[in-house]
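Reading through the structure tokens given below for one structure.
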Amino acid sequence: MLANRYADKVGPFIFLDHIAPKENQGLKNSGTGAHPHRGIATLTYVIDGEVEHFDSRGNHQKVHSGGIQWMKAGNGILHDETLNADSLSGGDRTHAFQFWINLPSKIKEQEPEYLAIQSNEVPLKQIWDDSGWLKVIAGNYEGLNSRIPNYSGQFLYHIRLEQGKEFTVSIDANVEVAAFLPSRNAILNDQEFQAGEFIEFDRTKGDITIENKEDTATDILLFGGEEYTEPIAAEGPFVMNSPSGIAEAYRDFYAGKYGTINN
């Protein structure tokens with residue numbers, strides 16, 4: 001969903017992959033296969049299912065429905081992740097999102113890190129008048145703070161809005177903001193958008209009002225942050241600040257400097 005013909009990035013977010021809902025997946029799906037990253041952090045948000053993660057720094061975790069896994073690739077890492085049906089709930093539905101967060105140049109040089117956050121650790125706020133809830137996947141909202149590190153201004157909210165309700169979020173000036181509707185239609189600032197649409201807003205200070213006129217609850221992902229102002233060079237799984245940085249990322253990968261995965 002990102003990058004697309006309308007936007008190359010939204011704040012620090014430079015990539016969004018929607019792993020659409022699927023039923024009857026069973027418990028043994030193929031993974032992405034071991035592959036490298038450098039210069040970014042990956043954030044996988046699991047709506048339904050179970051993501052199993054391995055990496056070349058020895059991390060091995062499973063994150064279940066409603067949970068998040070975050071990996072700072074830093075100066076280089078190999079990882080593999082597999083999305084399966086959730087072994088804890090016994091469900092057979094999978095649905096997830098993966099974001100790439102571009103790191104400031106000084107953070108690109110740091111050692112990799114990994115963080116697994118289960119569903120019960122994700123900050124959640126009930127919206128007044130039984131209108132729904134808001135989960136803080138990244139960033140903060142009204143005193144709720146995600147455990148995911150902020151290297152620049154960033155936020156990612158999952159908003160569940162009940163039938164016939166509305167909710168307003170205030171946005172500061174010069175903040176890049178986008179929304180994605182994963183499953184149902186919604187009205188954003190008096191304009192109706194369809195399920196599956198990516199919506200980008202302007203950078204003026206103001207409110208984003210979300211209305212749900214569907215006959216059931218609807219979900220909205222709202223994300224963005226401060227503009228990334230450093231140069232961007234991206235190729236394959238690497239996002240650096242110059243073509244020479246990309247070349248170095250490939251040289252180090254082929255030289256085996258990212259390590260190996262033992263599982």
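Each chain in the structure tokens gets a letter, A, B and so on, in the order shown; residues start at 1 in every chain, and ligands are counted from 1 in the order they appear.
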
- Item | Shell of 9 Å around region 188-196 of chain A, only C-alpha atoms, local chain residues under 2 positions omitted, as JSON, numbers by chain | {"A": [1, 180, 181, 182, 183, 184, 185, 186, 198, 199, 207, 208, 209, 210, 211]}

- Task: Write out as a PyMOL selection string all residues of region 13-173 of chain A that DSSP puts in helix (DSSP H, G or I) for this structure's backbone.
- Result: chain A and resi 105-108+119-121

- Expressed in Å, the length from CA of Ala217 (chain A) to CA of Gln163 (chain A) is 5.1 Å

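Here CA of Ala138 (chain A) and CA of Glu200 (chain A) stand 18.4 Å from one another.
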
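Residue nearest Ile127 (chain A), chosen from A:Ala85, A:Leu144, A:Phe167, A:Ile232 and counting only C-alpha atoms: A:Phe167.
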
- Picked from region 103-184 of chain A by DSSP as strand (DSSP E or B), as number ranges by chain: A: 113-117, 124-127, 132-138, 140-141, 144-145, 154-161, 166-171, 175-180

Convert the current residue selection to file output with C-alpha atoms, as a short mmCIF file (atom, residue, chain, number, x, y, z; two decimals), in the first residue's frame.
```cif
data_model
loop_
_atom_site.label_atom_id
_atom_site.label_comp_id
_atom_site.auth_asym_id
_atom_site.auth_seq_id
_atom_site.Cartn_x
_atom_site.Cartn_y
_atom_site.Cartn_z
CA GLU A 113 17.51 -4.79 18.30
CA TYR A 114 14.31 -6.84 18.56
CA LEU A 115 11.14 -6.37 20.58
CA ALA A 116 8.07 -8.61 20.91
CA ILE A 117 4.89 -7.06 22.35
CA LEU A 124 -5.58 0.72 24.61
CA LYS A 125 -8.04 3.53 25.34
CA GLN A 126 -11.82 3.22 25.25
CA ILE A 127 -13.44 6.00 23.24
CA GLY A 132 -15.03 2.04 20.28
CA TRP A 133 -11.34 2.00 21.16
CA LEU A 134 -7.91 3.21 20.10
CA LYS A 135 -4.73 1.13 20.32
CA VAL A 136 -1.35 2.86 20.36
CA ILE A 137 0.83 0.65 18.17
CA ALA A 138 3.60 3.26 17.95
CA ASN A 140 1.70 8.03 22.11
CA TYR A 141 -1.84 9.27 22.66
CA LEU A 144 -0.60 6.15 26.56
CA ASN A 145 2.87 5.27 25.28
CA GLN A 154 5.86 9.01 14.75
CA PHE A 155 2.51 7.47 15.56
CA LEU A 156 0.47 4.46 14.50
CA TYR A 157 -3.05 3.98 15.85
CA HIS A 158 -5.55 1.19 15.30
CA ILE A 159 -9.02 2.66 15.79
CA ARG A 160 -12.14 0.49 16.12
CA LEU A 161 -15.29 2.57 15.63
CA GLU A 166 -17.71 9.15 15.18
CA PHE A 167 -14.30 10.06 16.58
CA THR A 168 -11.98 13.03 16.11
CA VAL A 169 -8.17 13.13 16.28
CA SER A 170 -6.29 16.44 16.41
CA ILE A 171 -3.17 16.74 14.26
CA VAL A 175 2.85 16.38 10.32
CA GLU A 176 2.46 13.85 7.50
CA VAL A 177 -0.62 11.68 8.08
CA ALA A 178 -2.30 8.82 6.22
CA ALA A 179 -5.08 6.35 6.89
CA PHE A 180 -5.81 2.87 5.62
#
```

- Message: So that I can check the surroundings of region 80-82 of chain A, please list as a VMD selection string every protein, DNA and RNA residue that reaches within 12 Å of it, counting only C-alpha atoms and ignoring chain neighbours fewer than 5 positions away.
- Response: chain A and resid 19 27 to 37 42 to 44 46 49 to 64 69 to 71 94 96 98 260 to 263

Wanna dump the region 47-105 of chain A-region 233-238 of chain A contacts at 12 Å for me, each residue with its shortest atom pair and the distance in Å to one decimal, counting only C-alpha atoms, ordered by chain and number, as CSV?
```
residue,atom,partner,partner_atom,distance
A:Ala73,CA,A:Phe238,CA,9.4
A:Gly74,CA,A:Phe238,CA,10.3
A:Asn75,CA,A:Phe238,CA,10.1
A:Gly76,CA,A:Phe238,CA,9.0
A:Ile77,CA,A:Phe238,CA,10.6
A:Leu78,CA,A:Pro237,CA,10.4
A:His79,CA,A:Pro237,CA,11.3
A:Trp100,CA,A:Pro237,CA,9.9
A:Ile101,CA,A:Phe238,CA,11.5
A:Asn102,CA,A:Phe238,CA,10.0
A:Leu103,CA,A:Phe238,CA,11.2
A:Ser105,CA,A:Ala233,CA,11.4
```

- Task: Rank nothing, just name the residue among A:Asp130, A:Asp86, A:Glu109, A:Asp92 nearest to Met240 (chain A), using only C-alpha atoms.
- Result: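 The closest residue to Met240 (chain A) is A:Glu109.
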